[in-house]
>>> print(open('query21.cif').read())   # mmCIF, C-alpha atoms
data_my_file
#
loop_
_atom_site.label_atom_id
_atom_site.label_comp_id
_atom_site.auth_asym_id
_atom_site.auth_seq_id
_atom_site.Cartn_x
_atom_site.Cartn_y
_atom_site.Cartn_z
CA MET A 1 -27.97 145.73 -52.69
CA ASN A 2 -28.67 148.15 -49.85
CA GLU A 3 -32.16 146.83 -49.15
CA LYS A 4 -32.82 143.51 -47.49
CA TYR A 5 -35.34 141.18 -49.08
CA SER A 6 -36.99 137.90 -48.23
CA ILE A 7 -39.70 135.78 -49.81
CA GLY A 8 -42.91 135.58 -47.83
CA ILE A 9 -45.15 132.60 -48.49
CA ASP A 10 -48.74 131.91 -47.49
CA ILE A 11 -49.87 128.29 -47.63
CA GLY A 12 -53.54 127.45 -47.20
CA GLY A 13 -55.77 124.47 -47.72
CA SER A 14 -56.40 125.40 -51.35
CA HIS A 15 -53.53 127.64 -52.45
CA ILE A 16 -49.96 128.86 -52.16
CA SER A 17 -49.02 132.52 -52.61
CA SER A 18 -45.54 133.98 -52.58
CA ALA A 19 -43.88 137.35 -53.09
CA VAL A 20 -40.62 139.13 -52.40
CA VAL A 21 -40.91 141.62 -49.52
CA ASN A 22 -38.67 144.63 -48.98
CA LEU A 23 -37.94 144.35 -45.26
CA ASN A 24 -37.09 148.04 -44.97
CA ASP A 25 -40.63 149.21 -45.71
CA MET A 26 -42.61 145.93 -45.64
CA ASN A 27 -43.85 146.40 -49.20
CA ILE A 28 -44.31 143.70 -51.81
CA CYS A 29 -41.79 144.04 -54.63
CA LYS A 30 -43.37 144.79 -58.00
CA ASN A 31 -44.43 141.82 -60.17
CA THR A 32 -43.20 139.19 -57.67
CA PHE A 33 -46.59 138.08 -56.34
CA VAL A 34 -47.50 134.59 -57.56
CA ARG A 35 -50.57 132.56 -56.58
CA LYS A 36 -51.37 128.97 -57.45
CA SER A 37 -54.31 126.75 -56.58
CA VAL A 38 -53.28 123.59 -54.77
CA ASN A 39 -55.37 120.52 -53.97
CA SER A 40 -54.28 119.76 -50.39
CA ASN A 41 -55.56 116.19 -50.74
CA GLU A 42 -53.09 115.40 -53.53
CA THR A 43 -49.97 113.27 -53.16
CA GLU A 44 -46.86 114.50 -51.39
CA SER A 45 -45.01 114.84 -54.69
CA GLU A 46 -47.79 116.82 -56.37
CA ILE A 47 -48.23 119.29 -53.50
CA LEU A 48 -44.53 119.94 -52.93
CA SER A 49 -43.74 120.33 -56.63
CA GLN A 50 -46.43 123.01 -56.91
CA TRP A 51 -44.96 124.84 -53.92
CA VAL A 52 -41.48 124.78 -55.43
CA GLU A 53 -42.84 125.96 -58.80
CA CYS A 54 -44.53 128.94 -57.14
CA ILE A 55 -41.38 129.98 -55.25
CA ASN A 56 -39.24 129.63 -58.36
CA GLU A 57 -41.65 131.85 -60.30
CA THR A 58 -41.38 134.54 -57.63
CA ASN A 59 -37.58 134.38 -57.81
CA PHE A 60 -37.76 134.59 -61.61
CA HIS A 61 -39.90 137.73 -61.53
CA PHE A 62 -37.61 139.29 -58.93
CA GLY A 63 -34.63 138.66 -61.20
CA GLU A 64 -32.50 136.74 -58.72
CA LYS A 65 -32.76 134.12 -56.01
CA CYS A 66 -33.73 135.38 -52.55
CA SER A 67 -31.56 133.94 -49.81
CA TYR A 68 -34.21 133.98 -47.08
CA ILE A 69 -37.71 132.50 -47.01
CA GLY A 70 -40.49 132.80 -44.45
CA ILE A 71 -43.48 130.46 -44.70
CA SER A 72 -46.94 130.88 -43.18
CA MET A 73 -48.26 127.38 -42.52
CA PRO A 74 -51.38 125.96 -40.85
CA GLY A 75 -50.96 123.59 -37.93
CA PRO A 76 -50.41 121.20 -36.36
CA PHE A 77 -46.84 121.78 -37.50
CA ASP A 78 -43.37 121.79 -35.94
CA TYR A 79 -42.40 125.32 -36.91
CA GLU A 80 -38.81 124.96 -35.73
CA LEU A 81 -37.98 121.71 -37.54
CA GLY A 82 -40.37 122.17 -40.46
CA ILE A 83 -42.30 118.92 -40.01
CA SER A 84 -46.02 118.64 -40.75
CA TYR A 85 -48.32 116.91 -38.27
CA MET A 86 -51.59 117.54 -40.10
CA GLU A 87 -53.57 114.32 -40.08
CA GLU A 88 -57.28 113.66 -40.64
CA LEU A 89 -57.91 117.41 -41.06
CA HIS A 90 -59.09 117.19 -44.70
CA LYS A 91 -55.84 118.81 -45.88
CA PHE A 92 -52.19 117.86 -46.41
CA GLY A 93 -52.62 114.32 -45.08
CA SER A 94 -49.93 113.08 -47.50
CA LEU A 95 -47.39 115.37 -45.81
CA TYR A 96 -47.89 113.88 -42.34
CA LYS A 97 -44.51 113.62 -40.54
CA LYS A 98 -42.67 114.84 -43.66
CA ASN A 99 -39.79 117.27 -43.23
CA ILE A 100 -40.91 120.15 -45.43
CA LYS A 101 -37.92 122.33 -44.55
CA LEU A 102 -35.35 119.81 -45.81
CA PHE A 103 -37.31 119.09 -48.98
CA LEU A 104 -37.63 122.77 -49.88
CA ALA A 105 -34.00 123.49 -49.02
CA ASN A 106 -32.83 120.69 -51.33
CA SER A 107 -35.22 121.64 -54.12
CA LEU A 108 -34.40 125.36 -53.97
CA GLU A 109 -30.68 124.74 -53.39
CA ILE A 110 -30.45 126.77 -50.21
CA ALA A 111 -29.50 125.86 -46.64
CA PRO A 112 -32.25 124.67 -44.26
CA ASN A 113 -31.45 127.55 -41.90
CA GLN A 114 -32.48 129.96 -44.67
CA ILE A 115 -36.10 128.80 -44.27
CA ARG A 116 -38.32 129.74 -41.32
CA PHE A 117 -41.92 128.79 -40.59
CA ILE A 118 -44.69 130.58 -38.71
CA ASN A 119 -48.26 129.66 -37.86
CA ASP A 120 -50.61 131.01 -40.53
CA ALA A 121 -52.89 132.96 -38.17
CA LYS A 122 -49.90 134.37 -36.33
CA ALA A 123 -48.40 135.48 -39.67
CA PHE A 124 -51.74 137.04 -40.64
CA LEU A 125 -52.01 139.07 -37.43
CA LYS A 126 -48.33 140.04 -37.55
CA GLY A 127 -48.68 141.25 -41.14
CA GLU A 128 -51.83 143.21 -40.37
CA LEU A 129 -50.30 144.92 -37.35
CA LYS A 130 -47.10 145.78 -39.21
CA THR A 131 -48.93 147.43 -42.10
CA ILE A 132 -52.02 148.99 -40.51
CA PHE A 133 -51.47 149.94 -36.88
CA PRO A 134 -48.72 151.50 -34.82
CA LEU A 135 -48.50 148.84 -32.09
CA GLU A 136 -48.29 151.38 -29.30
CA THR A 137 -51.88 152.59 -29.85
CA PHE A 138 -53.53 149.57 -28.23
CA ASP A 139 -52.73 146.76 -25.86
CA SER A 140 -54.47 143.71 -27.30
CA ALA A 141 -55.91 142.23 -30.48
CA ILE A 142 -57.31 138.95 -31.78
CA GLY A 143 -56.74 137.72 -35.32
CA LEU A 144 -59.03 135.08 -36.83
CA THR A 145 -58.59 133.54 -40.26
CA LEU A 146 -61.82 131.96 -41.43
CA GLY A 147 -61.32 129.59 -44.33
CA THR A 148 -60.75 125.89 -44.96
CA GLY A 149 -59.99 125.76 -41.25
CA LEU A 150 -60.02 128.21 -38.35
CA GLY A 151 -56.81 130.07 -37.59
CA SER A 152 -56.29 132.24 -34.53
CA ALA A 153 -53.65 134.41 -32.92
CA THR A 154 -53.55 137.02 -30.17
CA TYR A 155 -51.54 140.18 -29.57
CA LYS A 156 -50.96 141.21 -25.96
CA ASP A 157 -48.37 143.56 -24.50
CA GLY A 158 -46.22 143.50 -27.63
CA ILE A 159 -46.26 139.72 -28.11
CA ILE A 160 -48.09 137.82 -30.87
CA THR A 161 -49.06 134.26 -29.93
CA ASP A 162 -50.50 131.32 -31.85
CA ALA A 163 -53.79 130.84 -29.99
CA ASN A 164 -54.88 127.41 -31.31
CA TYR A 165 -58.56 128.18 -30.79
CA TRP A 166 -59.43 125.86 -33.70
CA CYS A 167 -59.31 122.81 -31.42
CA MET A 168 -60.92 124.32 -28.30
CA ASP A 169 -64.02 122.57 -26.94
CA PHE A 170 -67.02 124.17 -28.59
CA LYS A 171 -70.66 123.07 -28.65
CA ASN A 172 -70.68 119.37 -29.62
CA GLY A 173 -67.14 119.26 -30.94
CA ILE A 174 -64.35 121.74 -31.54
CA ALA A 175 -64.49 125.32 -32.82
CA GLU A 176 -63.31 124.46 -36.34
CA ASP A 177 -66.30 122.13 -36.76
CA TYR A 178 -68.59 125.18 -36.62
CA ILE A 179 -66.49 128.03 -38.00
CA SER A 180 -64.92 126.99 -41.30
CA THR A 181 -65.71 126.39 -44.95
CA ARG A 182 -66.21 122.76 -44.01
CA TRP A 183 -69.13 123.75 -41.75
CA PHE A 184 -70.80 125.68 -44.58
CA VAL A 185 -70.41 122.77 -47.03
CA LYS A 186 -71.76 120.24 -44.53
CA LYS A 187 -74.63 122.46 -43.38
CA VAL A 188 -75.79 123.29 -46.90
CA GLN A 189 -75.72 119.61 -47.86
CA GLU A 190 -77.89 118.84 -44.84
CA MET A 191 -80.32 121.64 -45.74
CA THR A 192 -80.54 121.14 -49.52
CA GLY A 193 -78.99 117.79 -50.40
CA TYR A 194 -76.49 119.52 -52.69
CA LYS A 195 -72.71 119.28 -52.28
CA PHE A 196 -70.62 122.39 -52.93
CA ASN A 197 -66.85 122.86 -52.87
CA ASP A 198 -66.63 126.19 -51.09
CA LEU A 199 -68.51 129.22 -49.80
CA LYS A 200 -68.18 131.13 -53.06
CA GLU A 201 -70.07 128.38 -54.87
CA ILE A 202 -72.71 128.31 -52.14
CA ILE A 203 -73.37 132.04 -52.29
CA SER A 204 -73.52 132.20 -56.09
CA SER A 205 -75.82 129.18 -56.56
CA GLU A 206 -79.54 129.67 -57.25
CA ARG A 207 -80.12 126.46 -55.26
CA THR A 208 -79.12 128.17 -52.01
CA SER A 209 -80.67 131.63 -52.43
CA GLU A 210 -83.57 130.90 -50.08
CA ILE A 211 -81.41 129.52 -47.25
CA LEU A 212 -78.54 132.03 -47.19
CA GLU A 213 -80.09 134.25 -44.53
CA THR A 214 -80.74 131.28 -42.21
CA LEU A 215 -77.32 129.82 -42.97
CA PHE A 216 -75.41 132.98 -42.11
CA LEU A 217 -77.54 133.67 -39.06
CA GLU A 218 -76.45 130.35 -37.57
CA PHE A 219 -72.83 130.95 -38.59
CA THR A 220 -72.85 134.43 -37.04
CA ASN A 221 -74.29 133.10 -33.80
CA ASN A 222 -71.56 130.44 -33.74
CA LEU A 223 -68.89 133.09 -34.33
CA THR A 224 -70.41 135.27 -31.60
CA ASP A 225 -70.28 132.39 -29.11
CA LEU A 226 -66.64 131.71 -30.01
CA ILE A 227 -65.60 135.35 -29.54
CA ILE A 228 -67.37 135.48 -26.18
CA GLN A 229 -65.51 132.33 -25.13
CA ILE A 230 -62.19 133.74 -26.34
CA ASN A 231 -62.77 137.05 -24.58
CA LYS A 232 -62.80 135.25 -21.26
CA GLU A 233 -59.08 134.60 -21.88
CA ILE A 234 -58.08 137.88 -23.51
CA ASN A 235 -60.13 141.06 -23.19
CA SER A 236 -59.38 142.36 -26.67
CA GLU A 237 -59.88 145.84 -28.05
CA ILE A 238 -59.60 144.83 -31.71
CA LEU A 239 -60.74 141.80 -33.71
CA ILE A 240 -59.20 141.43 -37.19
CA ILE A 241 -60.89 138.86 -39.43
CA GLY A 242 -59.31 137.43 -42.58
CA GLY A 243 -59.53 134.31 -44.71
CA ASN A 244 -61.88 133.50 -47.59
CA ILE A 245 -65.01 133.59 -45.42
CA SER A 246 -64.23 137.21 -44.51
CA LYS A 247 -64.95 138.14 -48.14
CA ALA A 248 -68.61 137.39 -47.35
CA ASN A 249 -68.62 139.85 -44.43
CA SER A 250 -71.69 141.65 -45.80
CA PHE A 251 -73.66 138.58 -44.71
CA PHE A 252 -72.45 138.56 -41.10
CA GLN A 253 -70.48 141.62 -39.91
CA GLU A 254 -73.40 143.86 -38.95
CA LYS A 255 -75.16 141.06 -37.06
CA LEU A 256 -71.91 140.06 -35.35
CA GLU A 257 -71.32 143.61 -34.13
CA HIS A 258 -74.91 143.80 -32.87
CA ASN A 259 -74.56 140.47 -31.04
CA LEU A 260 -71.33 141.48 -29.33
CA ASN A 261 -72.57 144.95 -28.36
CA SER A 262 -75.71 143.43 -26.86
CA MET A 263 -73.46 141.22 -24.73
CA GLY A 264 -71.47 144.23 -23.56
CA LEU A 265 -68.40 143.39 -25.64
CA HIS A 266 -67.37 146.57 -27.44
CA VAL A 267 -64.73 145.19 -29.77
CA LYS A 268 -63.65 147.02 -32.92
CA ILE A 269 -64.12 144.57 -35.81
CA ILE A 270 -61.85 145.01 -38.81
CA ILE A 271 -62.26 142.93 -41.96
CA SER A 272 -58.92 142.47 -43.68
CA ASN A 273 -58.78 143.52 -47.32
CA LYS A 274 -55.26 142.26 -47.92
CA GLY A 275 -56.03 138.66 -48.88
CA GLU A 276 -52.80 136.69 -48.72
CA ILE A 277 -50.66 139.85 -48.51
CA ALA A 278 -50.88 140.07 -44.69
CA PRO A 279 -49.50 136.54 -44.00
CA ILE A 280 -46.91 137.02 -46.75
CA ILE A 281 -45.62 140.15 -45.01
CA GLY A 282 -45.93 138.49 -41.61
CA SER A 283 -43.89 135.46 -42.68
CA ALA A 284 -41.27 137.51 -44.54
CA SER A 285 -40.80 139.64 -41.41
CA LEU A 286 -39.37 136.58 -39.61
CA TRP A 287 -36.08 137.84 -41.07
CA VAL A 288 -36.26 141.34 -39.59
#
>>> encode(input="query21.cif", output="C-alpha cells")
Amino acid sequence: MNEKYSIGIDIGGSHISSAVVNLNDMNICKNTFVRKSVNSNETESEILSQWVECINETNFHFGEKCSYIGISMPGPFDYELGISYMEELHKFGSLYKKNIKLFLANSLEIAPNQIRFINDAKAFLKGELKTIFPLETFDSAIGLTLGTGLGSATYKDGIITDANYWCMDFKNGIAEDYISTRWFVKKVQEMTGYKFNDLKEIISSERTSEILETLFLEFTNNLTDLIIQINKEINSEILIIGGNISKANSFFQEKLEHNLNSMGLHVKIIISNKGEIAPIIGSASLWV
C-alpha cells in the first residue's frame, strides 16, 4: 500500500471507539469506525476483553490488521509504559497498576512498540487542531473535555501539553469535583432526591425540568471560574470544548461567553462536533 494507516482509539469512562485513520489526509477510513459501551467499574477481564473486541472489529472492517495503534487514554496513566494508575476515580479501578500495553500486544499479536498512548484531552486538542485549524493562524488554545471526568490540554507556540487541570485546587476540592458528569449526578440528587446515571438522563427527565436552569447556571459559573483560573497560566485565544457535556452547550454556551466577556476575557469558544473522531485522529497521528 502507498498510504500509511494506523488505528486511533478513544477510551473514556463509559465507552471505547476505534477507527482506521489514513495518515496522509487524517481521514477516517470508510466503515472502520466501531463504538462500544464499556462499564469502567467492571473487572479487569471484562473491560480489556471489550477493548480487544472493538479493535478486532475495526481491523475486520478494514480488511486487514493494522500494524500501528494509538490510544487516547484518561489519566493518571504512564503513557510511555502503558500502565494505568487510575484509583478511586470512579472508573477503571480494576486496571490499577496493570500493564495495558503488554496485555493488548499479546491479545492482538503485535509487538508492544507498535502501541502508543496519549492523554485523552491532549489527543482531543491535537485532533481538533489537525482537522480544523492551520496551526500558524494563532499562538495558543485550550482544549477541555467535559464528561465522566475533566480533561484538559493546552497549545502554545506549536506544542500541545497535557494540562492536568482536573486535579487543580478549586473551590472546596479539585476542579473535576465541580466540572464533570459526576457533579451533575450528585447535584441533582441533592436537589431532587433522584439518582441519574448521566447528563442525558437528567436533561430528558420530567423530574428535573424545573431545576435545569438553576443547575446549568451553577455549572456555567463553575466553568467560568475555572477558565479564569486557567487563563492566569495561559492567555488563550481559543477554547475548544468537547466531551459528552458539550452536547448540552445550548444550556451554557451563551452564558459562558457573556461571563467571560464581562470579565474582559475575549476568548473564542468552539464546541466540538466531532464526538470521538477528534481523539481518534489525535491518537492515530502519534505515528506521523
>>> atom_distance(input="query21.cif", atom1="CA of Leu150 (chain A)", atom2="CA of Ser6 (chain A)")
26.9 Å
>>> residues_around(input="query21.cif", residues="Val38 (chain A)", least_positions_apart="4", cutoff="10 Å", atoms="all atoms listed in the file", output="ChimeraX atom specification")
/A:11-16,42,46-48,50-51
>>> resolve_selection(input="query21.cif", expression="the PyMOL selection byres ((chain A and resi 218) around 12)", output="list in words")
Tyr178, Ile179, Trp183, Phe184, Lys187, Val188, Ile211, Leu212, Glu213, Thr214, Leu215, Phe216, Leu217, Phe219, Thr220, Asn221, Asn222, Leu223, Thr224, Asp225, Phe251, Phe252, Lys255 and Leu256 of chain A
>>> closest_atom_pairs(input="query21.cif", of="region 77-173 of chain A", to="region 193-205 of chain A", cutoff="12 Å", atoms="all atoms listed in the file", output="JSON lines")
{"residue": "A:Leu146", "atom": "CA", "partner": "A:Leu199", "partner_atom": "CA", "distance": 11.1}
{"residue": "A:Gly147", "atom": "CA", "partner": "A:Leu199", "partner_atom": "CA", "distance": 9.0}
{"residue": "A:Thr148", "atom": "CA", "partner": "A:Asp198", "partner_atom": "CA", "distance": 8.5}
{"residue": "A:Gly149", "atom": "CA", "partner": "A:Asp198", "partner_atom": "CA", "distance": 11.9}
>>> residues_around(input="query21.cif", residues="Ser17 (chain A)", least_positions_apart="2", cutoff="7 Å", atoms="only C-alpha atoms", output="list in words")
Ile9, Asp10, Ile11, His15, Val34, Arg35, Lys36 and Glu276 of chain A
>>> residues_around(input="query21.cif", residues="Ile269 (chain A)", least_positions_apart="3", cutoff="8 Å", atoms="all atoms listed in the file", output="list of chain:residue names")
A:Ile238, A:Leu239, A:Ile240, A:Ile241, A:Glu257
>>> write_last_selection(input="query21.cif", atoms="C-alpha atoms", output="compact mmCIF listing (two decimals), keeping the file's coordinate frame")
# COMPACT_ATOMS: atom_id res chain seq x y z
CA ILE A 238 -59.60 144.83 -31.71
CA LEU A 239 -60.74 141.80 -33.71
CA ILE A 240 -59.20 141.43 -37.19
CA ILE A 241 -60.89 138.86 -39.43
CA GLU A 257 -71.32 143.61 -34.13
>>> resolve_selection(input="query21.cif", expression="the PyMOL selection byres ((chain A and resi 266) around 12)", output="PDB file with C-alpha atoms, keeping the file's coordinate frame")
ATOM      1  CA  ILE A 227     -65.600 135.350 -29.540  1.00  0.00           C
ATOM      2  CA  ILE A 228     -67.370 135.480 -26.180  1.00  0.00           C
ATOM      3  CA  ASN A 231     -62.770 137.050 -24.580  1.00  0.00           C
ATOM      4  CA  ASN A 235     -60.130 141.060 -23.190  1.00  0.00           C
ATOM      5  CA  SER A 236     -59.380 142.360 -26.670  1.00  0.00           C
ATOM      6  CA  GLU A 237     -59.880 145.840 -28.050  1.00  0.00           C
ATOM      7  CA  ILE A 238     -59.600 144.830 -31.710  1.00  0.00           C
ATOM      8  CA  LEU A 239     -60.740 141.800 -33.710  1.00  0.00           C
ATOM      9  CA  LEU A 256     -71.910 140.060 -35.350  1.00  0.00           C
ATOM     10  CA  GLU A 257     -71.320 143.610 -34.130  1.00  0.00           C
ATOM     11  CA  HIS A 258     -74.910 143.800 -32.870  1.00  0.00           C
ATOM     12  CA  ASN A 259     -74.560 140.470 -31.040  1.00  0.00           C
ATOM     13  CA  LEU A 260     -71.330 141.480 -29.330  1.00  0.00           C
ATOM     14  CA  ASN A 261     -72.570 144.950 -28.360  1.00  0.00           C
ATOM     15  CA  SER A 262     -75.710 143.430 -26.860  1.00  0.00           C
ATOM     16  CA  MET A 263     -73.460 141.220 -24.730  1.00  0.00           C
ATOM     17  CA  GLY A 264     -71.470 144.230 -23.560  1.00  0.00           C
ATOM     18  CA  LEU A 265     -68.400 143.390 -25.640  1.00  0.00           C
ATOM     19  CA  VAL A 267     -64.730 145.190 -29.770  1.00  0.00           C
ATOM     20  CA  LYS A 268     -63.650 147.020 -32.920  1.00  0.00           C
ATOM     21  CA  ILE A 269     -64.120 144.570 -35.810  1.00  0.00           C
TER      22      ILE A 269
END
>>> closest_residue(input="query21.cif", among="A:Leu129, A:Ala284, A:Met168, A:Ala19", to="Asn59 (chain A)", atoms="only C-alpha atoms")
A:Ala19
>>> closest_residue(input="query21.cif", among="A:Val21, A:Ile100, A:Ile28, A:Ile280", to="Cys66 (chain A)", atoms="only C-alpha atoms")
A:Val21
>>> axis_aligned_box(input="query21.cif", around="region 30-35 of chain A", padding_each_side="3 Å", output="lines of an AutoDock Vina configuration file")
center_x = -46.9
center_y = 138.7
center_z = -58.3
size_x = 13.4
size_y = 18.2
size_z = 9.8
>>> resolve_selection(input="query21.cif", expression="the PyMOL selection byres ((chain A and resi 41) around 7)", output="ChimeraX atom specification")
/A:39-40,42-43,91-93
>>> atom_distance(input="query21.cif", atom1="CA of Lys65 (chain A)", atom2="CA of Tyr5 (chain A)")
10.2 Å
>>> closest_residue(input="query21.cif", among="A:Thr208, A:Ser67, A:Ser152, A:Ser72", to="Ile110 (chain A)", atoms="all atoms listed in the file")
A:Ser67
>>> residues_around(input="query21.cif", residues="Asp162 (chain A)", least_positions_apart="4", cutoff="9 Å", atoms="all atoms listed in the file", output="number ranges by chain")
A: 119-122, 151-154
>>> residues_around(input="query21.cif", residues="Glu44 (chain A)", least_positions_apart="5", cutoff="10 Å", atoms="only C-alpha atoms", output="PyMOL selection string")
chain A and resi 49+92-96+98
>>> atom_distance(input="query21.cif", atom1="CA of Lys126 (chain A)", atom2="CA of Phe77 (chain A)")
18.3 Å
>>> closest_residue(input="query21.cif", among="A:Ile7, A:Ile245, A:Ala123, A:Val185", to="Asn22 (chain A)", atoms="all atoms listed in the file")
A:Ile7
>>> closest_residue(input="query21.cif", among="A:Ser107, A:Ser209, A:Ser285, A:Ser272", to="Thr145 (chain A)", atoms="all atoms listed in the file")
A:Ser272
>>> closest_residue(input="query21.cif", among="A:Ser45, A:Ser246, A:Thr58, A:Ser84", to="Gly143 (chain A)", atoms="all atoms listed in the file")
A:Ser246
>>> build_atoms(input="query21.cif", residues="region 45-57 of chain A", atoms="N, CA and C atoms", output="compact mmCIF listing (two decimals), in the frame of the given file")
# COMPACT_ATOMS: atom_id res chain seq x y z
N SER A 45 -45.79 114.36 -53.56
CA SER A 45 -45.01 114.84 -54.69
C SER A 45 -45.72 115.97 -55.42
N GLU A 46 -47.02 115.82 -55.63
CA GLU A 46 -47.79 116.82 -56.37
C GLU A 46 -47.85 118.14 -55.60
N ILE A 47 -48.13 118.07 -54.31
CA ILE A 47 -48.23 119.29 -53.50
C ILE A 47 -46.89 120.03 -53.44
N LEU A 48 -45.83 119.30 -53.11
CA LEU A 48 -44.53 119.94 -52.93
C LEU A 48 -43.98 120.50 -54.23
N SER A 49 -44.23 119.82 -55.34
CA SER A 49 -43.74 120.33 -56.63
C SER A 49 -44.43 121.63 -56.99
N GLN A 50 -45.72 121.76 -56.65
CA GLN A 50 -46.43 123.01 -56.91
C GLN A 50 -45.90 124.14 -56.03
N TRP A 51 -45.55 123.83 -54.79
CA TRP A 51 -44.96 124.84 -53.92
C TRP A 51 -43.64 125.35 -54.47
N VAL A 52 -42.79 124.40 -54.89
CA VAL A 52 -41.48 124.78 -55.43
C VAL A 52 -41.64 125.61 -56.71
N GLU A 53 -42.58 125.22 -57.56
CA GLU A 53 -42.84 125.96 -58.80
C GLU A 53 -43.24 127.41 -58.51
N CYS A 54 -44.08 127.59 -57.50
CA CYS A 54 -44.53 128.94 -57.14
C CYS A 54 -43.36 129.80 -56.65
N ILE A 55 -42.53 129.24 -55.79
CA ILE A 55 -41.38 129.98 -55.25
C ILE A 55 -40.39 130.33 -56.36
N ASN A 56 -40.16 129.38 -57.25
CA ASN A 56 -39.24 129.63 -58.36
C ASN A 56 -39.76 130.74 -59.28
N GLU A 57 -41.06 130.79 -59.48
CA GLU A 57 -41.65 131.85 -60.30
C GLU A 57 -41.44 133.21 -59.65
